[in-house]
Each structure stands twice: as C-alpha cells, then as structure tokens.
Amino acid sequence: MPEPLKKPVSAFTKKPKSLEVTAGSLAEFVAEVGKADAKVKWQKDGKDIQAGEKHTITSEGVQHKLVVNNVTKDDEVGYAVISGTSKVKFELKVKEEDGKGSPGGQISLEVSPAPTPAAPAAPAAPAAPAAPAEQKENVAASSPEAPPSPQLPNDTQDEKPSDSSRKNSVWSLGEGSTEEGEKLDDSKRSTLFTEQPHSGTVTVGGDITFVAKVETKDLLRKPNAKWFKGKWLDLASKAGKHLQLKESFDRITRIHTFEMQIIKAKENYAGNYRCEVTWKDKFDSCSFDLEVIEAPEVQQIDIRAAFKRRAAPVSGTDGQDDAGELDFSGLLKHREVKDENTEPDFDVWELLKGAQPHEYEKIAFEHGITDLRGLLRRLKKIKREEKKSAAFAKVLEPGYQVERGDKIRFVVDLADPTVDLKWYRNGQEIRPGPKYIFEHKGTLRMLTIKNCTKADDAAYQVAAGEEKSTTELFVKEPPILITRELEDTEGLVGERVELECEVSEENAQLKWYKNGIELGVSSKYRFRTEGTKHWLIIPEAAKTDTGTYSVKTAGGQSTAALKVEMRPLKILQGLTDQVVQVGQQAVLQCEMSLANLPGKWYKNGQVIYPTDHLKIFHRGRVHKLVVEKAALDDDGEYTFVPEGYTMHLGAKLRMTDPPKLYLDHLTKTPEIVVVAGSKLRLDIPVTGEPMPRIVWMKGDKAILETGNRVRAESFPDHTSMVIDAAEKDDCGVYKIVVQNEAGEDSATLKIKVVDVPDPPAAPIVTEVGGDWCLMMWSPPDYDGNSPILGYIIERKKKQSSRWMRLNFDLCKEMTFEPKNMIEGIPYEVQVIAVNAIGLSRPSDPSKAFVPLAPTSEPTLLACDDVTDTSVTLKWRPPERIGAAGLDGYLIEYCLEGKDEWIVANPELTDKTKYTINGLPTGEKIHVRVKAVNAAGESLPITMAQSILVKEVVEPPKIRLPRQLKQTYIRKVGESLNLMIPFQGKPRPKVSWTKDGAPLDLNTISIRNTDTDTVIFVRKTERYHSGNYELTVQVEKIEDKATIVIQVVEKPGAPFTVQIVEVWDTNVELAWTPPKDNGNAAITGYTIQKADKKTMDWYTVVEHYHRTNCFIPDLIVGNEYYFRVFAENMCGLSDEATRTKNSALIQKQGLALKSPQYNDFDFKETPKFTHPLINTIAVSGYNATLNCSVRGNPKPLITWMKNRMVIEDNPRYRMFANQGVCTLEIRKPSPYDGGLYTCKAINPLGEDEVECKMEVKVAQ
C-alpha cells in the first residue's frame, strides 16, 4: 500500500505559545512566517480580531505580533493565528493580581511557560487500567463531556512519544525541557556564529537539515562543534542511519559550515536541540527546536486488524527500526486467513462515534483491538474533520476496501452541480479510460475503478473548486493457503534431502524457517519453485541439519521434523606406536570403512592443525599424519577421532636426540650487548635425551653455580648465565659445553657492555628563512660503545623555557631543517644524541636567530603600454609579504637571445607600475619583477611571452557617451563641460568643427589627452548651439562623431494681443506667437486678467496651447485688461504683452444679441506627431524610447516588442504625459533588442509607429 499523502509543512517558522498573565497587564503573542508577504489573520474564540484599543496588531517583515491590552477574565479564551492553510491555536490564562511578578506584567513569547501535567483519565472509568499520558490526552480531547485539560492545545504542543517508542529510540535519552534549552541559548551574545541553526518543522518520515556557520578569519585552528539534544545528550555518538553530521570549509570566505541532517524523522525526534562551538577560551551556543508533524493517517479500513500490534520482527531483519508503529500495507500482506463468517456485521467506527469516552476501552477489548492509543488518535481526527462542506452535500468515506480483481465506486454528492470536479490518485489527476470510468447522475459524481490490483492501493482525492475530499483505497489480497503440508523426513549424513509443500496460488511468496530462524539462499540451502509446488533442498545433509523446519505464507504455515543419522563405521587398520630419531620423518596411518569421512587428529588431547611440520592427508578411507623432521617436542600420545562418531584410535610417538645448543638467534660468534649497571640473564635452550651435563667457562676459568655477581644456572630444557650489575670487566668471550652419552655440543659467546652517548656540541644555524632554518652539528665524542641511531632536535623561543621536540622520527643526518616557526620571533635549538641504550643529555643551545623570509613573487605581471623606445609594465603586490615587510620592487629585462639580465631601476620602486625607457626599437625583450625586503629578493615573476619594442598601431575609435547620442540641451548662462573618451595608438590627432567650420577658440576651450578630449564653455550663449563634429585620426585612419548642442532660454512675449469680441460676461482674445521662441519650441501660454480699478493681475489659464482663448464668468460692470505670457522648456517669458484696449462688461438691461455659434467638434483620430527613432543601447544602462501622439478622446497607448504586447513586466516602465509617450527599458541585455511598436487606439481609429533597437555589450 502506498504511503498516504503527506501533511503540508506549516507556514509558520515560529508559533505563538500559550501564556499566563496577571489581570490588568498586557499579553504579547509573536508568530513568524516563512515569507514576508504572507497574510496573517488573528482570531479570538473563533472570530476575527480587529485592531483597536483592546487589541494591537503589528507586522515587521516575517514577524507578526498580537498585543492584548488591559487583560481581564473575559480574555481567558482560545486564540488562533491563520496563514494560508496553516492554523495554530493557543490560550491566554488570566490570574488575579497578588502583588508578585515584574511591573507592567508584559510577557514575551521568547520564554516558554513551564509544561503542565497531563490530564487525568476520565473519572467515569475508575476500574480501567492506567493508560499512557498520550492516550489520556487523546481520550479527553475526543470526548465532548470530558473536563478541560490543563495541558496546552495539540496545535502548539508536540506529542510526546510513548514509553515503548522512547526505549527503542536512540535519541530519547536527550529529551530536555524547553526551559532548560532556552537557558542555554546565548545567541544574542554570539561571538563565533555567523549563521545560527533555526527552528524547523518536518513531517514524519521526512528529512531536515540544520546549518551553523563559523567565520575563522581570526582563528588559527579549526573550531570544534558539538550537537546536543536536550541538556546533555551528545549526538555524535548517535550518528548513523537516521542522523548524519557533516562539516565543510570554504578556503575563500574562511567559513566553517557544520550540518546536522535528520533522515526519516520520527515523532520522538521532536524537542529542543543545541549547537555548541568552542575554540580555545572562546565559546558560543545556540538552541533551536524541531517540530515533527504527523502525516495524515488512513481513516477507515478493517479497524480490528489495523490497530493490532505487529508481531516482533524476524531475526536478521531491520524491523526493530519501526517497532510499535502502524503499517497497514504490512497487515494486508501478513494477516492470517479467517473465515468469511468471522467478519463483523457492523461498523466499529459508527459504534465508537456514538459511544461515551469511558466505553472506548471496553469496545476495543471486545473486538480484539490492542492499539487503543492509535485508535483514539484516529477517532479524534475523524471527529475533528466532521464539518459541513459548502461544495459537497456528501463527501467520500474515510476509507474503502475491495478484493483484488473486483471493482470499486467512489460517490460524492455536490451541493452545486455546476462546479468543476477533478479526481486525483496520489496527487496525480485521473484521466478517463478503460480502467477509470466517470459517471454523472443529477448531483451525484461517481468514479469507478475496474479490475482493482495492488497498484490501485493508494490515496484518492476529489476537488470541487477550492474544497477537497480525501479517502484511501485498500486492495485486499486473497490469502495464500498451504494445500499440501510438509512431511517428517529422515536422512543420512552426506545425502540429498528435500522438503516439499504445495500452496493455493502460483508464484506465491513464502518463507522457510529452521527452529524458528528464517533461512536464506546459500551454498547450504537451495529453494526451488514449480507452479504451486515449493522445495527446500539440502544438497549434502549434516548431523547439524537435524531440527524442525517450517514454511510460512500470508494464510498459514506448515511444520515438519528432519532427522539426519550417521552411517555405521568399522576400523580396517589402526594406529601403531613408533620410536623415531630427531630429524627423521614419522608417519601415523589408519584406515576406516567409510570413504571421504572427515576426522580430527589430537596430540596429548590438543587438536592438531596442518602446518609445514605436521601434515595431514586424507585420501578415500585412509587418514595419515606425517611429522616432517621430528623434534623432541613431537614426543607424545596421538589420537584420531572420526567426525560424528564417539570412537577414537591412539598411538604413542617416542623421540631420541643427542645434546644440542640452540643459538639460532645468534651468529657463529655471537655478541651479547648489555647496558652498564643492568642485569644480564642469558638463557640458552638445550636439548638432548638423556639430559646433558652443562659447563660455562670464561677463558680457562669455569663459572660456578655458587658464584655471587656472575653465576651459571642449569634447568631441564635450558641453561642460563646471570651477571648482576654489568661492568666493563665483564666484556670478553664465554664458552658453553654440553655432553651426554649420545654426543657433545659447544658454542662461543661474546659479551659487550654499552652505555648512553655523550651530548653533541652546540648546533650551528647556517641559513634562515621565513618560517624555517637550516642547522648542522658534530657527533658526540663518545658513542657509548653503541652506534648512534639518530638525533632528536628541540626548539624553543628565546624568552621561553619550554623546549618542543621537532622530529618524531630520529634524524640520521648531521643537518636538519626546523619548520613552522613564527616569523620575526627569536628562537634557539638544541640536539640530543640517541643510541640503542638511550638518550644523551641535550647539547648547549645554539645562538639565537630570527626567522625572516622574502615575500612571495609579485602577481599578475602584464604589459600596459609599448612605444618605440619604452615598455610600461604593471603588476599586483605579492600574496604573502611576511614580517619583514616590503621595501620595493626590482625590475629587470633581458634581450632575446641573451642571458644577461639588466636592472631597469637602480633604486627600488614602491609603485606597481613602471616604464622601462631607452630600449632599442625593434628588439624583443623578456622582463621580470622581484619583490625586495630585509630578507632579500623574492622569486621573480616573468612574462611568458617576449615583448616587441615597437609601438602598435591601434585604429581610432570614439566612445561617445549615451547622453551625447541625442540632442544635448543647456540653458543660457550654464557651463558646458563634455568629456569624450577615445582610443588609438600612437596618440591620435583630434580636431573639432562646428557646422562644418573651425571652432572659435576664444569662446570655446578644447583640451586633448591620449585617451579623451574635453570641450568646455564657461558660460553658454545662444550662438553656441549647433552640430559639433569630432574627428580622431591615427595616420590615415579616422573616426568621427557628431554632437548636437542646443542652448535655450526663456522666450519673448507674444507679438500682439487683441480683444476680438465681448458679449455677456465673456471675452474672446487672440494673439500672435512671439518672434523669439528662446531656441526651443513654445509649449504653452499663460493668460492673466486685471480689473481696471485695481490693476491687480490674476491668472486665468495656464499651459494653454492655442493662440485664441475665451475668458468666461467676468463680473458685470467691470472693465478688464488682459496680458499673455509665452512659455517653453525654460519657463515663462520675462515680459507679457497686454491688450491696448480694455473690455467693458456691460450691466444688465442692455440689449445684446449674441451671435449663434456651432459647437466645434474636437474629436480626432489618433495620429503620431513625432515618430519613434531607431536606437542603439549599451548593455547595462537604462534606455528610453519616446514619441508623441494627438487624438480626442484620449487614446489608449499600448507598447509591443516584436509584435507581442508588453505587460506586467517589471523591466519595462511606460509613461504618458500630455501626449508624450515614453518606454523605459531598465538595464537592457542583447536579448532586449528587436522591433518595438507604440500603438494608440480610441473609438475613432488607431495609429502606430515602430523602431528598431540594438543592444551592444560595453567593451
């Protein structure tokens, strides 16, 4: 059965927690969401909370707060916060003021309240056995009559694991309280963390990773990080299948990243965790929480089978990881076969729904349900989900069950038959086909699945608009029955044994067991299947194969006994006693009646294993033990025991041997070395039969056993010479003689007394580097009669008294190179000689020395410029400078084909750019640069290619700025300062012209450099307007650019203003445009009026475009003058033109016959007065397209790219002001190039203009 749909991850990264505050104070709840733009809604007792005096709602980024002011007993209700589909419940408890607590009573969610005890069991069932705490919580939560629990709601409190699951979990021992975890949280005083692990939420079976980062720029070594669960459980010892700890290091950013990954999370993994980082005396700690959310469970199947505990897993499997958990698919596969009449005739779910909470345990016991806690958890979810649906009149049942091969029909009743309906299987939409049939009948919607198979065992969902109904389908497999039982079997050792059974279906899965232990395919056991028949085959039976064998299927099992007996055995030839001389071969042989019968050889009761000395042969019925070059220790009693039988065969082997001394570990004239003052005991093995007589001698003097400091000792198997407190006089040649009746043997030994060497002379430091030095020394005068094995080198800072060993392996040479010293610190070194006896006293310290090193070579050497006689180089400073600092740089060059390097700068330069002058034209040179400090010159950096001393001609090219590609407008009196960059070699010739004529250098200043030219006018005038052409020329190649400069100023006053007509309270004016428009287009006019009595001017109309105007609503009886100002882009004209005559508004009673005028039709089809212009834009800089349009009614403007309408794209901004249409393209790329169209539409018609835009990448 596939896994049920996983519950979506909560939208909240931090959930509000229940509080207990004092009456009259304020309570603050804090919630954090994953996205800053997520909408959050607060509820009180199921109703939305509106911000006001009582409740304050604020939000900052992802953090949302609810503050309850002046808390009273009426506020002691349930609260909730909702974001999307996630809802979190919490409570507010109010206690009466008792004079205790902090002033103000404000409580923050940063400190969790202490956990309250679990709710007691329902009082209605006192005789029932005590259930786990979690079970009691579920009983109380699912019963409407149960008293309210003092524990927090399930939405904000993690469910605690049961005692059994806690024992099976390797993490449960570290479960700590939230309060203790928060006491350890010191994140606000962080000194090491650059990124702390954050609290997270994961569904059961999901993965989650916590990341902590530490910056180590100021740390010399790697920090040490530890992960804890609760207060003390170190998770490093729990790493494995469900927990992985990783760390990585970024050498560029110098940041260590520590990761803790939880794989396939379980419910009891939830809790408080802590990450600690230490480095020397620095310490940092951060706490965070893990919330594990249960995945949705199957609502309705065979309830009694689903909530029975699974059997313990078979040995050798991984079942222990999931012990105690529910697995419905496993139940379907391994349930026992029951008769049809044993199925209940009623729905246990309905029985439980209508029962009282105290009756749940009784009902579960009567119907064989052992997992009461899982039953109550599922019943609680079903009751919680019983709510009315706006889309469904009848929803799907929680679960359906069908036999394999049958068909199943899902039926829902819609409240609205017009709503769009979709079916899903495991989240994938179901399409109609031969297998899936959709049916409509009134408001009923049906899905029929034909010929159900195990693949149809899945979670199904029907969606009607925004509402969904979910169910699960369980496909029951028919039980596998054993139609032919196993039979008891007997066999003999070595024969083939077969156990056979027959089942009800072909290709059925079954398991074989021996004495309750599952059997797998191996060389010992083989399995064979033909249709419904199954065999267990033992190719060669052994005595150990005797036992009880069983076969198990999903519908039953069968058991039979196998007995393996031994075959009868006879001895055809027994073992005989033998006497063998040392060095000869001994053979013990016997013959049995059975061929290929294994057995074991024993010597004096100990098992004999084959070696080069003892060889064991077995061919057919003959067993042979061969002793090659028999020795005295081969003497003994030998026995052969056939495998599987109680009989045994025995014989004795006797050895004879002349006396012999065993000095295999010594040479022909061995030398024994002893340390002066120590004790020497020399043991020499001696063999011989009978026991020989032993004599020790030094020269002609025998060593007696009664001696004091030097004495001899004799034992049955060896002889010894003992020297207490060895002296130099003990050196010499010693002789040992052994005799018996079989022969004689002798040997000579040499003894030498040795001691530790003298200390070497003080070492000499010959060369010093940045963190190393080179030292040498002389060997000691006396080596203690033992060759010097090597030397130990030690180092210390001059001001310190602590010596540090530098080499763990002895130094064989007379020179050594200490490394890893701190540059600029004085050091001393000393040497200790080592021989086989021990270490000499340390030598005298060397003279103090200070490690200093040249810098590393400069970097990024490049040629910046080349002329006919000079080369300009540039480079970057060395990556490593060191304590000696950097005095400067030395530049050298070498002519190609020569080996002599010539210094280019006699004095060091501290710049990273230098020009080598006086070079021969046409020659090729190699250049290199060295960094120099007090320690000497660094390694040089050399250009890979030679440089030709000849100026390269580069075609001229003008880099015209974007703002100069269009008309450049300045006001009269403003300064003009334009810099136009260009390129070209050798230095280009620059020339300017205005309107085809040379510039007047008296009013315009020109400044030219190698790379740019500047045109400057301190105070612009109208005559500075025109087309300026820039020409850049290198030899015969030139590049040109034209700049259009327009100098503008305010326009003059209109030429004439006349009163055309006066009627009623209206006056018609007309005027002519000004003669001087200020070198810019007239954008409008401003009309003012003044009463003749006061002559105070008042503006009537502004930004008026026509040259005639009607002035209405004048006061009857007054006499008016009028004046008009012209306006352009610089503003209004300084003066205005006034009417010569005044307009008198006659009083009432005068007969005035107004002429009849027809209304002017201002309607006009759209027409572009200024088209779009083809544009070349530079990548990365904003570009604009401009045009102007006229039309009435005001046309609708639409922009298109490549004939596709541009809309809802943040990279484009569109403006329209007084008929001027602008499209701004923000930081265009080559992709933005193409054909752009501006289209204007009104009811009278439409018009459009287009242009091409090309985007070039800046060089």
# chains A, B, ... in the order shown; residues from 1 in each chain; ligands from 1
call {"tool": "residues_around", "arguments": {"residues": "Gln1088 (chain A)", "least_positions_apart": "3", "cutoff": "12 Å", "atoms": "only C-alpha atoms", "output": "JSON, numbers by chain"}}
result
{"A": [1057, 1069, 1085, 1091, 1095, 1096, 1097, 1098, 1099, 1100, 1101, 1102, 1103, 1104, 1109, 1111, 1120, 1121, 1122, 1123, 1124, 1125, 1126, 1136, 1137, 1138, 1139]}
call {"tool": "write_last_selection", "arguments": {"atoms": "N, CA and C atoms", "output": "short mmCIF file (atom, residue, chain, number, x, y, z; two decimals), in the first residue's frame"}}
result
data_model
loop_
_atom_site.label_atom_id
_atom_site.label_comp_id
_atom_site.auth_asym_id
_atom_site.auth_seq_id
_atom_site.Cartn_x
_atom_site.Cartn_y
_atom_site.Cartn_z
N VAL A 1057 -1.58 91.17 -28.73
CA VAL A 1057 -2.73 90.58 -28.06
C VAL A 1057 -3.92 91.48 -28.31
N LEU A 1069 -10.13 86.45 -26.76
CA LEU A 1069 -8.82 87.04 -27.02
C LEU A 1069 -8.15 86.28 -28.15
N TYR A 1085 0.92 78.90 -23.20
CA TYR A 1085 0.75 80.32 -22.86
C TYR A 1085 0.01 80.41 -21.54
N ASP A 1091 -8.55 93.95 -13.18
CA ASP A 1091 -9.62 94.96 -13.15
C ASP A 1091 -9.00 96.34 -13.30
N MET A 1095 -6.00 97.10 -11.00
CA MET A 1095 -4.87 96.64 -11.83
C MET A 1095 -4.06 95.54 -11.14
N ASP A 1096 -4.76 94.73 -10.34
CA ASP A 1096 -4.12 93.52 -9.77
C ASP A 1096 -4.33 92.37 -10.74
N TRP A 1097 -3.22 91.69 -11.11
CA TRP A 1097 -3.28 90.65 -12.13
C TRP A 1097 -3.52 89.28 -11.50
N TYR A 1098 -4.44 88.53 -12.15
CA TYR A 1098 -4.78 87.18 -11.70
C TYR A 1098 -4.72 86.23 -12.90
N THR A 1099 -4.15 85.06 -12.65
CA THR A 1099 -4.01 84.08 -13.73
C THR A 1099 -5.34 83.42 -14.01
N VAL A 1100 -5.70 83.41 -15.29
CA VAL A 1100 -6.95 82.79 -15.72
C VAL A 1100 -6.70 81.39 -16.28
N VAL A 1101 -5.70 81.27 -17.16
CA VAL A 1101 -5.41 79.99 -17.81
C VAL A 1101 -3.89 79.80 -17.83
N GLU A 1102 -3.44 78.53 -17.56
CA GLU A 1102 -2.02 78.20 -17.63
C GLU A 1102 -1.81 77.08 -18.66
N HIS A 1103 -0.61 77.06 -19.22
CA HIS A 1103 -0.20 75.99 -20.16
C HIS A 1103 -1.22 75.83 -21.29
N TYR A 1104 -1.64 76.96 -21.83
CA TYR A 1104 -2.64 76.95 -22.91
C TYR A 1104 -1.90 76.86 -24.24
N CYS A 1109 -8.42 82.45 -27.14
CA CYS A 1109 -8.93 81.94 -25.87
C CYS A 1109 -10.21 82.69 -25.53
N ILE A 1111 -12.51 83.91 -22.33
CA ILE A 1111 -12.46 84.16 -20.89
C ILE A 1111 -13.90 84.30 -20.42
N TYR A 1120 -11.89 95.27 -17.90
CA TYR A 1120 -10.74 94.40 -17.72
C TYR A 1120 -9.69 94.65 -18.80
N TYR A 1121 -8.40 94.47 -18.34
CA TYR A 1121 -7.28 94.37 -19.25
C TYR A 1121 -6.75 92.94 -19.19
N PHE A 1122 -6.13 92.51 -20.28
CA PHE A 1122 -5.60 91.15 -20.35
C PHE A 1122 -4.17 91.19 -20.85
N ARG A 1123 -3.35 90.19 -20.37
CA ARG A 1123 -1.98 90.06 -20.86
C ARG A 1123 -1.63 88.57 -20.98
N VAL A 1124 -0.66 88.29 -21.88
CA VAL A 1124 -0.32 86.89 -22.20
C VAL A 1124 1.19 86.70 -22.08
N PHE A 1125 1.60 85.61 -21.39
CA PHE A 1125 3.00 85.19 -21.30
C PHE A 1125 3.20 83.98 -22.20
N ALA A 1126 4.36 83.92 -22.87
CA ALA A 1126 4.74 82.72 -23.63
C ALA A 1126 5.57 81.80 -22.75
N ALA A 1136 5.24 90.22 -20.57
CA ALA A 1136 3.98 89.81 -21.17
C ALA A 1136 3.47 90.93 -22.08
N THR A 1137 2.67 90.60 -23.06
CA THR A 1137 2.05 91.57 -23.97
C THR A 1137 0.63 91.84 -23.52
N ARG A 1138 0.30 93.11 -23.28
CA ARG A 1138 -1.01 93.49 -22.74
C ARG A 1138 -1.88 94.02 -23.86
N THR A 1139 -3.19 93.85 -23.69
CA THR A 1139 -4.13 94.42 -24.68
C THR A 1139 -4.11 95.93 -24.59
#
call {"tool": "residues_around", "arguments": {"residues": "region 583-599 of chain A", "least_positions_apart": "6", "cutoff": "9 Å", "atoms": "only C-alpha atoms", "output": "count of residues only"}}
result
35
call {"tool": "residues_around", "arguments": {"residues": "Ala1053 (chain A)", "least_positions_apart": "5", "cutoff": "12 Å", "atoms": "only C-alpha atoms", "output": "list in words"}}
result
Trp1071, Thr1072, Pro1073, Pro1074, Lys1075, Asp1076, Asn1077, Gly1078, Ile1082, Gly1084, Tyr1085, Thr1086, Ile1087, Arg1123, Val1124, Phe1125, Ala1126, Glu1127, Asn1128, Gly1131, Leu1132, Ser1133, Asp1134, Glu1135, Ala1136, Thr1137 and Arg1138 of chain A
call {"tool": "residues_around", "arguments": {"residues": "Ile482 (chain A)", "least_positions_apart": "5", "cutoff": "7 Å", "atoms": "only C-alpha atoms", "output": "PyMOL selection string"}}
result
chain A and resi 502-504+556-557
call {"tool": "write_last_selection", "arguments": {"atoms": "N, CA, C and O atoms", "output": "PDB file, in the first residue's frame"}}
result
ATOM      1  N   GLU A 502       2.956 -27.576  -1.044  1.00  0.00           N
ATOM      2  CA  GLU A 502       2.196 -27.028  -2.162  1.00  0.00           C
ATOM      3  C   GLU A 502       1.224 -25.983  -1.621  1.00  0.00           C
ATOM      4  O   GLU A 502       0.609 -26.193  -0.563  1.00  0.00           O
ATOM      5  N   VAL A 503       1.097 -24.838  -2.349  1.00  0.00           N
ATOM      6  CA  VAL A 503       0.249 -23.729  -1.901  1.00  0.00           C
ATOM      7  C   VAL A 503      -0.875 -23.518  -2.900  1.00  0.00           C
ATOM      8  O   VAL A 503      -0.911 -24.140  -3.969  1.00  0.00           O
ATOM      9  N   SER A 504      -1.791 -22.590  -2.557  1.00  0.00           N
ATOM     10  CA  SER A 504      -3.007 -22.412  -3.346  1.00  0.00           C
ATOM     11  C   SER A 504      -2.793 -21.590  -4.610  1.00  0.00           C
ATOM     12  O   SER A 504      -3.616 -21.664  -5.524  1.00  0.00           O
ATOM     13  N   GLY A 556      -1.090 -19.021   6.344  1.00  0.00           N
ATOM     14  CA  GLY A 556      -0.887 -20.116   7.264  1.00  0.00           C
ATOM     15  C   GLY A 556       0.540 -20.605   7.244  1.00  0.00           C
ATOM     16  O   GLY A 556       1.422 -19.984   6.625  1.00  0.00           O
ATOM     17  N   GLN A 557       0.805 -21.761   7.912  1.00  0.00           N
ATOM     18  CA  GLN A 557       2.133 -22.329   7.948  1.00  0.00           C
ATOM     19  C   GLN A 557       2.041 -23.832   8.117  1.00  0.00           C
ATOM     20  O   GLN A 557       1.015 -24.373   8.529  1.00  0.00           O
TER      21      GLN A 557
END
call {"tool": "residues_around", "arguments": {"residues": "Lys819 (chain A)", "least_positions_apart": "5", "cutoff": "10 Å", "atoms": "only C-alpha atoms", "output": "ChimeraX atom specification"}}
result
/A:769-774,806,851
call {"tool": "write_last_selection", "arguments": {"atoms": "all heavy atoms", "output": "PDB file, in the first residue's frame"}}
result
ATOM      1  N   GLY A 769      65.106  31.130   6.986  1.00  0.00           N
ATOM      2  CA  GLY A 769      64.021  31.511   6.076  1.00  0.00           C
ATOM      3  C   GLY A 769      62.884  32.177   6.828  1.00  0.00           C
ATOM      4  O   GLY A 769      63.027  32.588   7.988  1.00  0.00           O
ATOM      5  N   GLY A 770      61.716  32.248   6.170  1.00  0.00           N
ATOM      6  CA  GLY A 770      60.578  32.915   6.771  1.00  0.00           C
ATOM      7  C   GLY A 770      60.030  32.158   7.961  1.00  0.00           C
ATOM      8  O   GLY A 770      59.695  32.753   8.991  1.00  0.00           O
ATOM      9  N   ASP A 771      59.885  30.839   7.858  1.00  0.00           N
ATOM     10  CA  ASP A 771      59.423  30.037   8.988  1.00  0.00           C
ATOM     11  C   ASP A 771      60.301  28.798   9.153  1.00  0.00           C
ATOM     12  O   ASP A 771      59.858  27.801   9.722  1.00  0.00           O
ATOM     13  CB  ASP A 771      57.964  29.609   8.776  1.00  0.00           C
ATOM     14  CG  ASP A 771      57.779  28.769   7.535  1.00  0.00           C
ATOM     15  OD1 ASP A 771      58.717  28.722   6.704  1.00  0.00           O
ATOM     16  OD2 ASP A 771      56.700  28.157   7.381  1.00  0.00           O
ATOM     17  N   TRP A 772      61.520  28.849   8.685  1.00  0.00           N
ATOM     18  CA  TRP A 772      62.420  27.708   8.765  1.00  0.00           C
ATOM     19  C   TRP A 772      63.860  28.180   8.917  1.00  0.00           C
ATOM     20  O   TRP A 772      64.174  29.368   8.768  1.00  0.00           O
ATOM     21  CB  TRP A 772      62.305  26.836   7.508  1.00  0.00           C
ATOM     22  CG  TRP A 772      62.629  27.590   6.238  1.00  0.00           C
ATOM     23  CD1 TRP A 772      61.800  28.341   5.500  1.00  0.00           C
ATOM     24  CD2 TRP A 772      63.924  27.696   5.607  1.00  0.00           C
ATOM     25  NE1 TRP A 772      62.444  28.895   4.440  1.00  0.00           N
ATOM     26  CE2 TRP A 772      63.764  28.514   4.470  1.00  0.00           C
ATOM     27  CE3 TRP A 772      65.182  27.178   5.892  1.00  0.00           C
ATOM     28  CZ2 TRP A 772      64.818  28.822   3.619  1.00  0.00           C
ATOM     29  CZ3 TRP A 772      66.232  27.476   5.037  1.00  0.00           C
ATOM     30  CH2 TRP A 772      66.053  28.296   3.919  1.00  0.00           C
ATOM     31  N   CYS A 773      64.698  27.233   9.242  1.00  0.00           N
ATOM     32  CA  CYS A 773      66.136  27.496   9.291  1.00  0.00           C
ATOM     33  C   CYS A 773      66.859  26.202   8.946  1.00  0.00           C
ATOM     34  O   CYS A 773      66.262  25.113   8.946  1.00  0.00           O
ATOM     35  CB  CYS A 773      66.568  28.018  10.663  1.00  0.00           C
ATOM     36  SG  CYS A 773      66.509  26.768  11.966  1.00  0.00           S
ATOM     37  N   LEU A 774      68.143  26.271   8.672  1.00  0.00           N
ATOM     38  CA  LEU A 774      68.980  25.111   8.368  1.00  0.00           C
ATOM     39  C   LEU A 774      70.083  25.056   9.411  1.00  0.00           C
ATOM     40  O   LEU A 774      70.823  26.040   9.585  1.00  0.00           O
ATOM     41  CB  LEU A 774      69.564  25.227   6.958  1.00  0.00           C
ATOM     42  CG  LEU A 774      70.309  23.988   6.452  1.00  0.00           C
ATOM     43  CD1 LEU A 774      69.368  22.792   6.385  1.00  0.00           C
ATOM     44  CD2 LEU A 774      70.934  24.270   5.095  1.00  0.00           C
ATOM     45  N   LEU A 806      60.917  18.506  17.657  1.00  0.00           N
ATOM     46  CA  LEU A 806      60.578  18.822  16.277  1.00  0.00           C
ATOM     47  C   LEU A 806      60.461  17.585  15.404  1.00  0.00           C
ATOM     48  O   LEU A 806      59.775  17.628  14.381  1.00  0.00           O
ATOM     49  CB  LEU A 806      61.616  19.772  15.667  1.00  0.00           C
ATOM     50  CG  LEU A 806      61.780  21.121  16.365  1.00  0.00           C
ATOM     51  CD1 LEU A 806      62.799  21.964  15.641  1.00  0.00           C
ATOM     52  CD2 LEU A 806      60.452  21.847  16.455  1.00  0.00           C
ATOM     53  N   PRO A 851      63.673  34.089  12.359  1.00  0.00           N
ATOM     54  CA  PRO A 851      63.230  33.704  11.006  1.00  0.00           C
ATOM     55  C   PRO A 851      62.664  34.912  10.245  1.00  0.00           C
ATOM     56  O   PRO A 851      61.787  35.617  10.744  1.00  0.00           O
ATOM     57  CB  PRO A 851      62.145  32.660  11.266  1.00  0.00           C
ATOM     58  CG  PRO A 851      62.317  32.236  12.689  1.00  0.00           C
ATOM     59  CD  PRO A 851      62.890  33.407  13.396  1.00  0.00           C
TER      60      PRO A 851
END
call {"tool": "closest_residue", "arguments": {"among": "A:Leu447, A:Val733, A:Leu1001, A:Ile958", "to": "Pro988 (chain A)", "atoms": "only C-alpha atoms"}}
result
A:Ile958
